[in-house]
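Asker: Just one file: upload-v4.cif, with mmCIF, C-alpha atoms.
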data_entry
#
loop_
_atom_site.label_atom_id
_atom_site.label_comp_id
_atom_site.auth_asym_id
_atom_site.auth_seq_id
_atom_site.Cartn_x
_atom_site.Cartn_y
_atom_site.Cartn_z
CA MET J 439 9.41 -21.71 23.09
CA ASP J 440 11.53 -22.82 20.19
CA PHE J 441 10.39 -21.42 16.84
CA SER J 442 11.85 -20.48 13.46
CA ILE J 443 11.01 -17.82 10.88
CA ARG J 444 11.60 -18.41 7.20
CA ALA J 445 10.49 -17.21 3.76
CA ALA J 446 7.19 -18.73 2.67
CA ASN J 447 7.19 -21.11 -0.27
CA VAL J 448 4.34 -22.26 -2.49
CA GLU J 449 3.60 -25.29 -0.26
CA ASP J 450 2.84 -22.92 2.63
CA CYS J 451 -0.18 -21.46 0.81
CA LYS J 452 -2.57 -23.97 2.38
CA ASP J 453 -1.56 -22.91 5.90
CA ILE J 454 -1.41 -19.23 4.94
CA ALA J 455 -4.96 -19.44 3.53
CA ARG J 456 -6.08 -21.12 6.79
CA MET J 457 -4.47 -18.40 8.92
CA ILE J 458 -5.83 -15.58 6.71
CA LEU J 459 -9.31 -16.86 7.57
CA GLU J 460 -8.40 -17.09 11.27
CA LEU J 461 -7.19 -13.47 11.20
CA ALA J 462 -10.36 -12.37 9.36
CA GLU J 463 -12.43 -14.13 12.04
CA TYR J 464 -10.47 -12.26 14.74
CA GLU J 465 -11.19 -9.01 12.84
CA LYS J 466 -14.87 -10.06 12.63
CA ILE J 467 -15.03 -9.84 8.80
CA VAL J 468 -14.76 -13.44 7.54
CA ASP J 469 -17.30 -12.94 4.74
CA HIS J 470 -14.94 -10.39 3.15
CA VAL J 471 -12.42 -13.13 2.31
CA LYS J 472 -12.63 -14.10 -1.37
CA ILE J 473 -9.04 -15.29 -1.85
CA THR J 474 -8.38 -19.02 -2.25
CA GLN J 475 -5.23 -21.11 -1.79
CA LYS J 476 -4.91 -21.20 -5.59
CA ASP J 477 -5.02 -17.36 -5.83
CA LEU J 478 -2.25 -17.13 -3.23
CA GLU J 479 -0.11 -19.64 -5.15
CA GLN J 480 -0.57 -17.73 -8.40
CA ASP J 481 -0.24 -14.23 -6.99
CA GLY J 482 2.62 -14.89 -4.58
CA PHE J 483 4.79 -17.46 -6.28
CA SER J 484 4.80 -16.76 -10.00
CA LYS J 485 7.36 -14.75 -11.97
CA ASN J 486 6.13 -11.32 -10.79
CA PRO J 487 4.75 -11.85 -7.29
CA PHE J 488 2.25 -9.35 -5.90
CA PHE J 489 3.24 -10.16 -2.34
CA HIS J 490 5.88 -11.97 -0.28
CA GLY J 491 5.40 -14.03 2.87
CA ILE J 492 7.26 -15.23 5.93
CA VAL J 493 6.11 -18.10 8.11
CA ALA J 494 6.73 -18.93 11.80
CA GLU J 495 7.10 -22.63 12.54
CA VAL J 496 7.34 -24.65 15.75
CA PRO J 497 8.88 -28.12 16.15
CA GLU J 498 6.63 -31.19 15.84
CA GLN J 499 6.37 -31.62 19.63
CA HIS J 500 4.62 -28.22 19.89
CA ARG J 501 2.16 -28.77 17.03
CA THR J 502 -1.49 -27.75 17.59
CA LYS J 503 -4.19 -30.31 18.33
CA ASP J 504 -5.07 -30.18 14.62
CA GLY J 505 -1.45 -31.01 13.76
CA HIS J 506 -0.27 -27.57 12.56
CA THR J 507 3.37 -26.54 12.96
CA LYS J 508 3.02 -23.36 10.88
CA ILE J 509 1.57 -21.08 13.54
CA GLY J 510 2.17 -17.51 12.37
CA TYR J 511 2.80 -15.50 9.22
CA ALA J 512 3.33 -12.05 7.79
CA LEU J 513 2.50 -10.91 4.25
CA TYR J 514 4.28 -7.88 2.84
CA PHE J 515 5.07 -6.09 -0.42
CA TYR J 516 7.20 -3.18 -1.52
CA SER J 517 5.56 0.16 -2.00
CA TYR J 518 6.67 3.73 -2.72
CA ARG J 519 6.16 6.99 -0.92
CA SER J 520 6.46 10.01 -3.19
CA TRP J 521 8.22 11.99 -0.43
CA SER J 522 10.71 9.43 0.82
CA GLY J 523 10.85 6.64 -1.76
CA ARG J 524 10.98 2.91 -1.13
CA ALA J 525 8.81 1.56 1.65
CA ILE J 526 7.67 -1.86 2.84
CA TYR J 527 4.00 -2.50 3.55
CA MET J 528 3.07 -5.19 6.06
CA GLU J 529 -0.34 -6.36 4.90
CA ASP J 530 -0.95 -9.11 7.48
CA LEU J 531 0.71 -10.12 10.77
CA TYR J 532 -0.79 -13.04 12.67
CA VAL J 533 0.13 -15.54 15.36
CA MET J 534 -2.31 -18.29 16.41
CA PRO J 535 -3.81 -17.48 19.87
CA GLU J 536 -2.12 -20.33 21.78
CA PHE J 537 1.33 -19.17 20.57
CA ARG J 538 0.99 -15.51 21.52
CA GLY J 539 3.05 -13.77 24.20
CA LYS J 540 6.22 -15.67 23.26
CA GLY J 541 7.93 -13.09 21.05
CA ILE J 542 6.82 -14.69 17.75
CA GLY J 543 4.86 -11.66 16.53
CA LYS J 544 7.77 -9.39 17.37
CA ALA J 545 10.17 -11.74 15.54
CA LEU J 546 7.94 -11.77 12.43
CA MET J 547 7.69 -7.98 12.41
CA SER J 548 11.43 -7.63 13.02
CA LYS J 549 12.05 -9.88 10.01
CA VAL J 550 9.82 -7.69 7.82
CA ALA J 551 11.75 -4.63 9.06
CA GLN J 552 15.08 -6.34 8.23
CA LEU J 553 13.90 -7.26 4.74
CA GLY J 554 12.70 -3.70 4.21
CA LEU J 555 15.97 -2.14 5.33
CA ALA J 556 17.94 -4.60 3.15
CA ALA J 557 15.89 -3.47 0.14
CA GLY J 558 16.61 0.20 0.87
CA CYS J 559 13.22 1.04 2.40
CA GLY J 560 12.90 4.01 4.73
CA GLN J 561 9.51 3.14 6.19
CA LEU J 562 7.28 0.24 7.24
CA ASN J 563 3.54 0.89 6.93
CA PHE J 564 0.44 -1.09 7.86
CA THR J 565 -3.15 -0.53 9.03
CA VAL J 566 -4.77 -1.53 12.33
CA LEU J 567 -8.42 -1.51 13.36
CA ASP J 568 -9.15 1.17 15.93
CA TRP J 569 -10.76 -1.26 18.43
CA ASN J 570 -7.84 -3.71 18.33
CA LYS J 571 -6.33 -2.49 21.61
CA SER J 572 -3.83 -5.31 22.21
CA SER J 573 -2.39 -4.89 18.69
CA LEU J 574 -2.36 -1.08 19.01
CA ASP J 575 -0.39 -1.42 22.29
CA PHE J 576 2.04 -3.89 20.69
CA TYR J 577 2.71 -1.56 17.74
CA LEU J 578 3.05 1.60 19.82
CA ASN J 579 5.64 -0.31 21.87
CA GLN J 580 7.66 -0.88 18.68
CA GLY J 581 7.84 2.87 18.01
CA CYS J 582 5.01 3.23 15.47
CA THR J 583 2.97 6.34 14.90
CA ASP J 584 -0.73 6.49 14.03
CA VAL J 585 -0.68 8.53 10.83
CA THR J 586 -4.50 8.60 10.66
CA THR J 587 -4.76 10.31 14.05
CA ASP J 588 -1.62 12.46 13.79
CA MET J 589 -2.05 13.67 10.21
CA GLY J 590 -5.71 13.00 9.48
CA TYR J 591 -4.95 10.58 6.68
CA HIS J 592 -7.95 8.42 5.82
CA TYR J 593 -7.57 5.16 3.98
CA MET J 594 -9.94 5.10 0.97
CA SER J 595 -11.11 2.32 -1.26
CA CYS J 596 -12.82 2.22 -4.65
CA LYS J 597 -13.86 -1.31 -5.55
CA GLY J 598 -16.36 -3.60 -7.33
CA GLU J 599 -19.10 -1.65 -9.07
CA ALA J 600 -17.62 1.72 -8.19
CA LEU J 601 -14.31 0.75 -9.84
CA GLU J 602 -16.03 -0.61 -12.96
CA HIS J 603 -18.14 2.53 -13.18
CA LEU J 604 -15.07 4.74 -12.85
CA ALA J 605 -13.46 2.86 -15.74
CA GLN J 606 -16.41 3.57 -18.07
CA PRO J 607 -15.79 6.05 -20.90
CA MET Y 1205 -10.63 23.96 -22.94
CA ALA Y 1206 -7.26 22.30 -22.51
CA ASN Y 1207 -5.92 20.13 -25.26
CA PHE Y 1208 -4.06 17.38 -23.43
CA ILE Y 1209 -2.72 13.86 -23.75
CA LEU Y 1210 -2.22 11.22 -21.11
CA ARG Y 1211 0.71 8.85 -21.42
CA LYS Y 1212 3.03 6.58 -19.47
CA ALA Y 1213 5.94 8.49 -17.93
CA LYS Y 1214 9.39 8.06 -19.48
CA PRO Y 1215 12.81 8.40 -17.80
CA ASN Y 1216 13.20 11.97 -19.10
CA ASP Y 1217 9.96 12.95 -17.30
CA VAL Y 1218 11.68 12.43 -13.93
CA PRO Y 1219 12.52 16.16 -13.38
CA ASP Y 1220 8.86 17.06 -14.02
CA ILE Y 1221 7.62 14.24 -11.77
CA LEU Y 1222 9.78 15.53 -8.91
CA ARG Y 1223 8.61 19.09 -9.55
CA LEU Y 1224 4.96 17.96 -9.35
CA ILE Y 1225 5.62 15.80 -6.22
CA LYS Y 1226 7.00 18.95 -4.56
CA GLU Y 1227 4.02 21.04 -5.74
CA LEU Y 1228 1.60 18.51 -4.27
CA ALA Y 1229 3.59 18.39 -1.03
CA LYS Y 1230 3.44 22.22 -0.92
CA PHE Y 1231 -0.35 22.05 -1.41
CA GLU Y 1232 -0.45 19.65 1.59
CA GLU Y 1233 1.83 22.05 3.51
CA MET Y 1234 4.56 19.39 3.80
CA GLU Y 1235 7.11 20.56 1.23
CA GLU Y 1236 10.11 20.02 3.54
CA LYS Y 1237 9.20 16.31 3.84
CA VAL Y 1238 10.16 15.56 0.23
CA LEU Y 1239 13.52 13.82 0.45
CA LEU Y 1240 13.43 12.02 -2.90
CA THR Y 1241 15.87 13.06 -5.61
CA GLU Y 1242 15.71 12.71 -9.41
CA LYS Y 1243 18.31 9.95 -9.10
CA ASP Y 1244 16.05 7.96 -6.69
CA LEU Y 1245 13.04 8.39 -8.97
CA LEU Y 1246 15.02 7.26 -12.00
CA GLU Y 1247 16.44 4.16 -10.30
CA ASP Y 1248 13.19 3.24 -8.53
CA GLY Y 1249 10.81 3.80 -11.43
CA PHE Y 1250 12.77 2.91 -14.52
CA GLY Y 1251 15.18 0.18 -13.44
CA ASP Y 1252 14.80 -3.61 -13.66
CA HIS Y 1253 12.21 -3.85 -10.85
CA PRO Y 1254 10.16 -0.66 -10.77
CA PHE Y 1255 8.73 0.26 -7.37
CA TYR Y 1256 6.15 2.54 -8.99
CA HIS Y 1257 4.43 3.42 -12.29
CA CYS Y 1258 3.56 6.89 -13.44
CA LEU Y 1259 1.04 8.50 -15.80
CA VAL Y 1260 1.60 12.07 -16.94
CA ALA Y 1261 -0.65 14.63 -18.65
CA GLU Y 1262 0.93 16.90 -21.24
CA VAL Y 1263 -0.31 20.07 -22.90
CA PRO Y 1264 1.12 21.87 -25.96
CA LYS Y 1265 3.86 24.38 -24.98
CA GLU Y 1266 1.83 27.44 -26.00
CA GLN Y 1267 -0.93 26.56 -23.47
CA SER Y 1268 1.33 26.73 -20.43
CA SER Y 1269 2.17 30.13 -18.90
CA GLU Y 1270 5.44 28.88 -17.41
CA GLY Y 1271 6.46 26.68 -20.32
CA ASN Y 1272 5.88 23.38 -18.50
CA THR Y 1273 4.26 20.86 -20.77
CA VAL Y 1274 3.85 18.12 -18.13
CA ILE Y 1275 1.07 19.56 -15.96
CA ALA Y 1276 -0.36 16.57 -14.05
CA PHE Y 1277 0.71 13.14 -12.85
CA ALA Y 1278 -0.42 10.03 -11.03
CA MET Y 1279 2.01 7.68 -9.27
CA TYR Y 1280 0.76 4.18 -8.51
CA TYR Y 1281 1.82 0.59 -7.82
CA PHE Y 1282 0.23 -2.77 -7.25
CA THR Y 1283 -0.48 -4.09 -3.77
CA TYR Y 1284 -2.20 -7.15 -2.32
CA ASP Y 1285 -5.12 -7.73 0.00
CA PRO Y 1286 -5.18 -11.34 1.23
CA TRP Y 1287 -8.98 -11.17 1.34
CA ILE Y 1288 -9.69 -9.90 -2.17
CA GLY Y 1289 -6.39 -10.06 -4.05
CA LYS Y 1290 -4.61 -7.54 -6.25
CA LEU Y 1291 -5.18 -3.84 -5.78
CA LEU Y 1292 -3.99 -0.72 -7.54
CA TYR Y 1293 -2.61 1.72 -4.98
CA LEU Y 1294 -2.71 5.37 -6.00
CA GLU Y 1295 0.18 7.04 -4.16
CA ASP Y 1296 0.07 10.55 -5.64
CA PHE Y 1297 -2.39 12.31 -7.91
CA PHE Y 1298 -1.99 16.01 -8.83
CA VAL Y 1299 -3.08 18.49 -11.48
CA MET Y 1300 -1.40 21.92 -11.52
CA GLN Y 1301 -3.73 24.63 -10.27
CA GLU Y 1302 -4.19 26.49 -13.58
CA PHE Y 1303 -5.26 23.23 -15.28
CA ARG Y 1304 -7.93 22.12 -12.81
CA GLY Y 1305 -11.64 21.93 -13.63
CA LEU Y 1306 -10.93 20.85 -17.21
CA GLY Y 1307 -11.54 17.13 -16.81
CA ILE Y 1308 -7.86 16.17 -16.64
CA GLY Y 1309 -8.14 14.65 -13.13
CA SER Y 1310 -11.25 12.70 -14.11
CA GLN Y 1311 -9.54 11.38 -17.21
CA ILE Y 1312 -6.47 10.28 -15.20
CA LEU Y 1313 -8.71 8.48 -12.70
CA LYS Y 1314 -10.56 6.81 -15.57
CA VAL Y 1315 -7.33 5.51 -17.14
CA LEU Y 1316 -6.14 4.26 -13.72
CA SER Y 1317 -9.41 2.40 -13.15
CA GLU Y 1318 -9.19 0.89 -16.64
CA THR Y 1319 -5.67 -0.28 -15.76
CA ALA Y 1320 -6.99 -1.72 -12.48
CA VAL Y 1321 -9.84 -3.56 -14.23
CA LYS Y 1322 -7.56 -4.83 -17.04
CA THR Y 1323 -5.03 -6.22 -14.55
CA ARG Y 1324 -7.84 -7.89 -12.59
CA CYS Y 1325 -7.46 -5.73 -9.50
CA SER Y 1326 -10.32 -5.90 -7.03
CA GLY Y 1327 -10.06 -2.26 -6.16
CA MET Y 1328 -8.10 0.94 -6.06
CA HIS Y 1329 -6.87 2.24 -2.69
CA PHE Y 1330 -5.42 5.61 -1.71
CA ILE Y 1331 -5.10 8.03 1.20
CA VAL Y 1332 -6.72 11.43 1.56
CA ALA Y 1333 -6.19 13.92 4.37
CA GLU Y 1334 -9.46 14.45 6.21
CA ASN Y 1335 -9.25 18.24 5.89
CA ASN Y 1336 -9.02 17.97 2.09
CA THR Y 1337 -12.81 18.15 1.72
CA LYS Y 1338 -12.72 19.04 -1.98
CA SER Y 1339 -10.75 15.90 -2.85
CA ILE Y 1340 -12.85 13.73 -0.53
CA GLU Y 1341 -16.00 14.94 -2.33
CA PHE Y 1342 -14.36 14.31 -5.72
CA TYR Y 1343 -13.62 10.70 -4.72
CA LYS Y 1344 -16.91 10.01 -2.91
CA ARG Y 1345 -18.83 11.20 -6.00
CA ARG Y 1346 -17.04 8.40 -7.81
CA GLY Y 1347 -18.03 5.73 -5.29
CA ALA Y 1348 -14.99 5.70 -2.98
CA ALA Y 1349 -15.52 4.50 0.60
CA ASP Y 1350 -13.63 5.94 3.58
CA LEU Y 1351 -12.34 2.79 5.31
CA SER Y 1352 -10.91 4.78 8.22
CA SER Y 1353 -14.32 6.26 9.10
CA GLU Y 1354 -16.48 3.33 8.06
CA GLU Y 1355 -14.45 0.36 9.28
CA GLY Y 1356 -12.02 1.91 11.77
CA TRP Y 1357 -8.78 1.24 9.86
CA ARG Y 1358 -5.93 3.47 10.98
CA LEU Y 1359 -2.73 3.86 8.97
CA TYR Y 1360 0.50 3.34 10.91
CA GLU Y 1361 4.08 3.95 10.04
CA ILE Y 1362 7.49 3.14 11.50
CA GLU Y 1363 10.41 5.25 10.35
CA LYS Y 1364 13.93 4.00 9.59
CA GLU Y 1365 15.37 4.79 13.03
CA ASP Y 1366 12.81 2.63 14.79
CA LEU Y 1367 13.09 -0.07 12.10
CA LEU Y 1368 16.81 -0.31 12.90
CA LYS Y 1369 16.01 -0.56 16.61
CA MET Y 1370 13.56 -3.39 15.90
CA THR Y 1371 16.09 -5.40 13.94
CA SER Y 1372 18.73 -5.15 16.67
CA LYS Y 1373 16.49 -6.39 19.50
#
If you convert what's in this file into structure tokens, what do you get?

Answerer:
Amino acid sequence: MDFSIRAANVEDCKDIARMILELAEYEKIVDHVKITQKDLEQDGFSKNPFFHGIVAEVPEQHRTKDGHTKIGYALYFYSYRSWSGRAIYMEDLYVMPEFRGKGIGKALMSKVAQLGLAAGCGQLNFTVLDWNKSSLDFYLNQGCTDVTTDMGYHYMSCKGEALEHLAQP
Amino acid sequence: MANFILRKAKPNDVPDILRLIKELAKFEEMEEKVLLTEKDLLEDGFGDHPFYHCLVAEVPKEQSSEGNTVIAFAMYYFTYDPWIGKLLYLEDFFVMQEFRGLGIGSQILKVLSETAVKTRCSGMHFIVAENNTKSIEFYKRRGAADLSSEEGWRLYEIEKEDLLKMTSK
């Protein structure tokens, strides 16, 4: 199938917001999504963006029954590892179900890797849910290692009330 | 009781930051994994587009047995969760052994959470090794949730060699 990958622009936020919800549904946690299209526009496309995006597009003749040609995306940002320096963190990687198995996911991830290497990054990091077998298989095929299993690193979060409480004098 | 101040790191703190990164890595039994140099830290933290921010804790010279006045640090940066927005990511957090139990770590965490709240972050994320029970208790007492245990998130990484392979496919 013919497809193209390009940098996301502010007009893509509507489709990105749609696909974020689709990915959350796949991960069975839709009610966790608080971000709106407007937040994405502000946080990703202002002077100091908090994230960057790439979008996978298909030609008009392959559009979905709802008329979408933007059928996959990846969100990433630059991070820093105190041992090895610059790193790139892939926050989301998603391809709509009917477009899977055609190399689009691989192409999106490869693009994130390219962007990371171009920026001097030595590592690409991301998280995966332990039950997501098809994604786990895909990533292991790309040469990834499970740092949680291998090194016992647990991903922790302090948010909402806990964060506010922590900030109290 | 230690008399200390917390402040933003400056370029001339870079040698101390690297020293403390190595001490933390030694504590985690991974000292040989530290590849960063002072030059990297200077360019990546104090150039036009910093990849990280740093807080340091300083004590008066006469309080330190080895003459170091910078005795603790926290390295952090901003990340993005497409479900809840901006996050503060705590990459490294370390207080030298002889200065622990004096409230310095708590104070650093408090200032970081204030920064997170002020910059409208939805949460603070970080990684802890599962065998580091003391640190896990420290964080859980402050309301942190273990997303690896509770939600099944596993942290993955791809190193440079495999990134290069991915981009050439």

Asker: For chain J, report every residue with an atom at most 6 Å from chain Y (counting all atoms listed in the file), formatted as a ChimeraX atom specification.

Answerer: /J:471-473,521-522,548,551-552,560-568,581-586,590-597,600,604-605

Asker: Between atom CA of Asp477 of chain J and atom CA of Leu513 of chain J, measure the distance and give it in Å to one decimal.

Answerer: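 We find that atom CA of Asp477 of chain J and atom CA of Leu513 of chain J lie 14.1 Å from each other.
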
Asker: Would you work out the distance separating atom CA of Asn579 of chain J from atom CA of Met534 of chain J, expressed in Å to one decimal?

Answerer: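 Separation between atom CA of Asn579 of chain J and atom CA of Met534 of chain J: 20.4 Å.
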
Asker: Looking at J:Leu478, J:Ala545, J:Ala462, J:Val468, which one is nearest to Glu449 of chain J, with distances taken over only C-alpha atoms?

Answerer: J:Leu478

Asker: May I ask for the distance between atom CA of Tyr518 of chain J and atom CA of Gln1301 of chain Y, given in Å to one decimal place?

Answerer: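 Between atom CA of Tyr518 of chain J and atom CA of Gln1301 of chain Y the gap is 24.5 Å.
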
Asker: At a cut-off of 12 Å, using only C-alpha atoms, what residues contact Lys1265 of chain Y? Leave out same-chain residues fewer than 6 positions from it and give the result as a PDB file with C-alpha atoms, in the frame of the given file.

Answerer:
ATOM      1  CA  ALA Y1206      -7.260  22.300 -22.510  1.00  0.00           C
ATOM      2  CA  ASN Y1207      -5.920  20.130 -25.260  1.00  0.00           C
ATOM      3  CA  PHE Y1208      -4.060  17.380 -23.430  1.00  0.00           C
ATOM      4  CA  GLY Y1271       6.460  26.680 -20.320  1.00  0.00           C
ATOM      5  CA  ASN Y1272       5.880  23.380 -18.500  1.00  0.00           C
ATOM      6  CA  THR Y1273       4.260  20.860 -20.770  1.00  0.00           C
ATOM      7  CA  VAL Y1274       3.850  18.120 -18.130  1.00  0.00           C
ATOM      8  CA  ILE Y1275       1.070  19.560 -15.960  1.00  0.00           C
TER       9      ILE Y1275
END

Asker: As lines of an AutoDock Vina configuration file, please report the centre and edge lengths, rounded to one decimal in Å, of the axis-aligned box that holds all listed atoms of segment 1277-1286 of chain Y with 4 Å of padding on each of the six sides.

Answerer:
center_x = -1.6
center_y = 0.9
center_z = -5.8
size_x = 15.2
size_y = 32.5
size_z = 22.1

Asker: For the provided coordinates, the residues matched by the PyMOL selection byres ((chain J and resi 475) around 10) should be stated as a list in words.

Answerer: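 That expression, the PyMOL selection byres ((chain J and resi 475) around 10), corresponds here to Val448, Glu449, Asp450, Cys451, Lys452, Asp453, Ile454, Ala455, Arg456, Ile473, Thr474, Lys476, Asp477, Leu478, Glu479, Gln480 and Asp481 of chain J.
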
Asker: Can you write out the residues you just picked, keeping C-alpha atoms, as an mmCIF file, in the coordinates of the input?

Answerer:
data_model
loop_
_atom_site.group_PDB
_atom_site.id
_atom_site.type_symbol
_atom_site.label_atom_id
_atom_site.label_comp_id
_atom_site.auth_asym_id
_atom_site.auth_seq_id
_atom_site.Cartn_x
_atom_site.Cartn_y
_atom_site.Cartn_z
ATOM 1 C CA VAL J 448 4.340 -22.260 -2.490
ATOM 2 C CA GLU J 449 3.600 -25.290 -0.260
ATOM 3 C CA ASP J 450 2.840 -22.920 2.630
ATOM 4 C CA CYS J 451 -0.180 -21.460 0.810
ATOM 5 C CA LYS J 452 -2.570 -23.970 2.380
ATOM 6 C CA ASP J 453 -1.560 -22.910 5.900
ATOM 7 C CA ILE J 454 -1.410 -19.230 4.940
ATOM 8 C CA ALA J 455 -4.960 -19.440 3.530
ATOM 9 C CA ARG J 456 -6.080 -21.120 6.790
ATOM 10 C CA ILE J 473 -9.040 -15.290 -1.850
ATOM 11 C CA THR J 474 -8.380 -19.020 -2.250
ATOM 12 C CA LYS J 476 -4.910 -21.200 -5.590
ATOM 13 C CA ASP J 477 -5.020 -17.360 -5.830
ATOM 14 C CA LEU J 478 -2.250 -17.130 -3.230
ATOM 15 C CA GLU J 479 -0.110 -19.640 -5.150
ATOM 16 C CA GLN J 480 -0.570 -17.730 -8.400
ATOM 17 C CA ASP J 481 -0.240 -14.230 -6.990
#

Asker: Which polymer residues have any atom within 8 Å of an atom of Leu1224 of chain Y, counting only C-alpha atoms, with same-chain residues fewer than 4 positions away left out, as an mmCIF file with C-alpha atoms, in the frame of the given file?

Answerer:
data_model
loop_
_atom_site.group_PDB
_atom_site.id
_atom_site.type_symbol
_atom_site.label_atom_id
_atom_site.label_comp_id
_atom_site.auth_asym_id
_atom_site.auth_seq_id
_atom_site.Cartn_x
_atom_site.Cartn_y
_atom_site.Cartn_z
ATOM 1 C CA ASP Y 1220 8.860 17.060 -14.020
ATOM 2 C CA LEU Y 1228 1.600 18.510 -4.270
ATOM 3 C CA ILE Y 1275 1.070 19.560 -15.960
ATOM 4 C CA ALA Y 1276 -0.360 16.570 -14.050
ATOM 5 C CA PHE Y 1277 0.710 13.140 -12.850
ATOM 6 C CA PHE Y 1298 -1.990 16.010 -8.830
ATOM 7 C CA MET Y 1300 -1.400 21.920 -11.520
#

Asker: Could you give me, as an MDAnalysis selection string, the residues that have an atom at most 10 Å away from the point (11.5, -10.1, 9.7) in the coordinates of the file, using all atoms listed in the file?

Answerer: (chainID J and resid 443:445 491:493 512 543:554) or (chainID Y and resid 1370:1371)
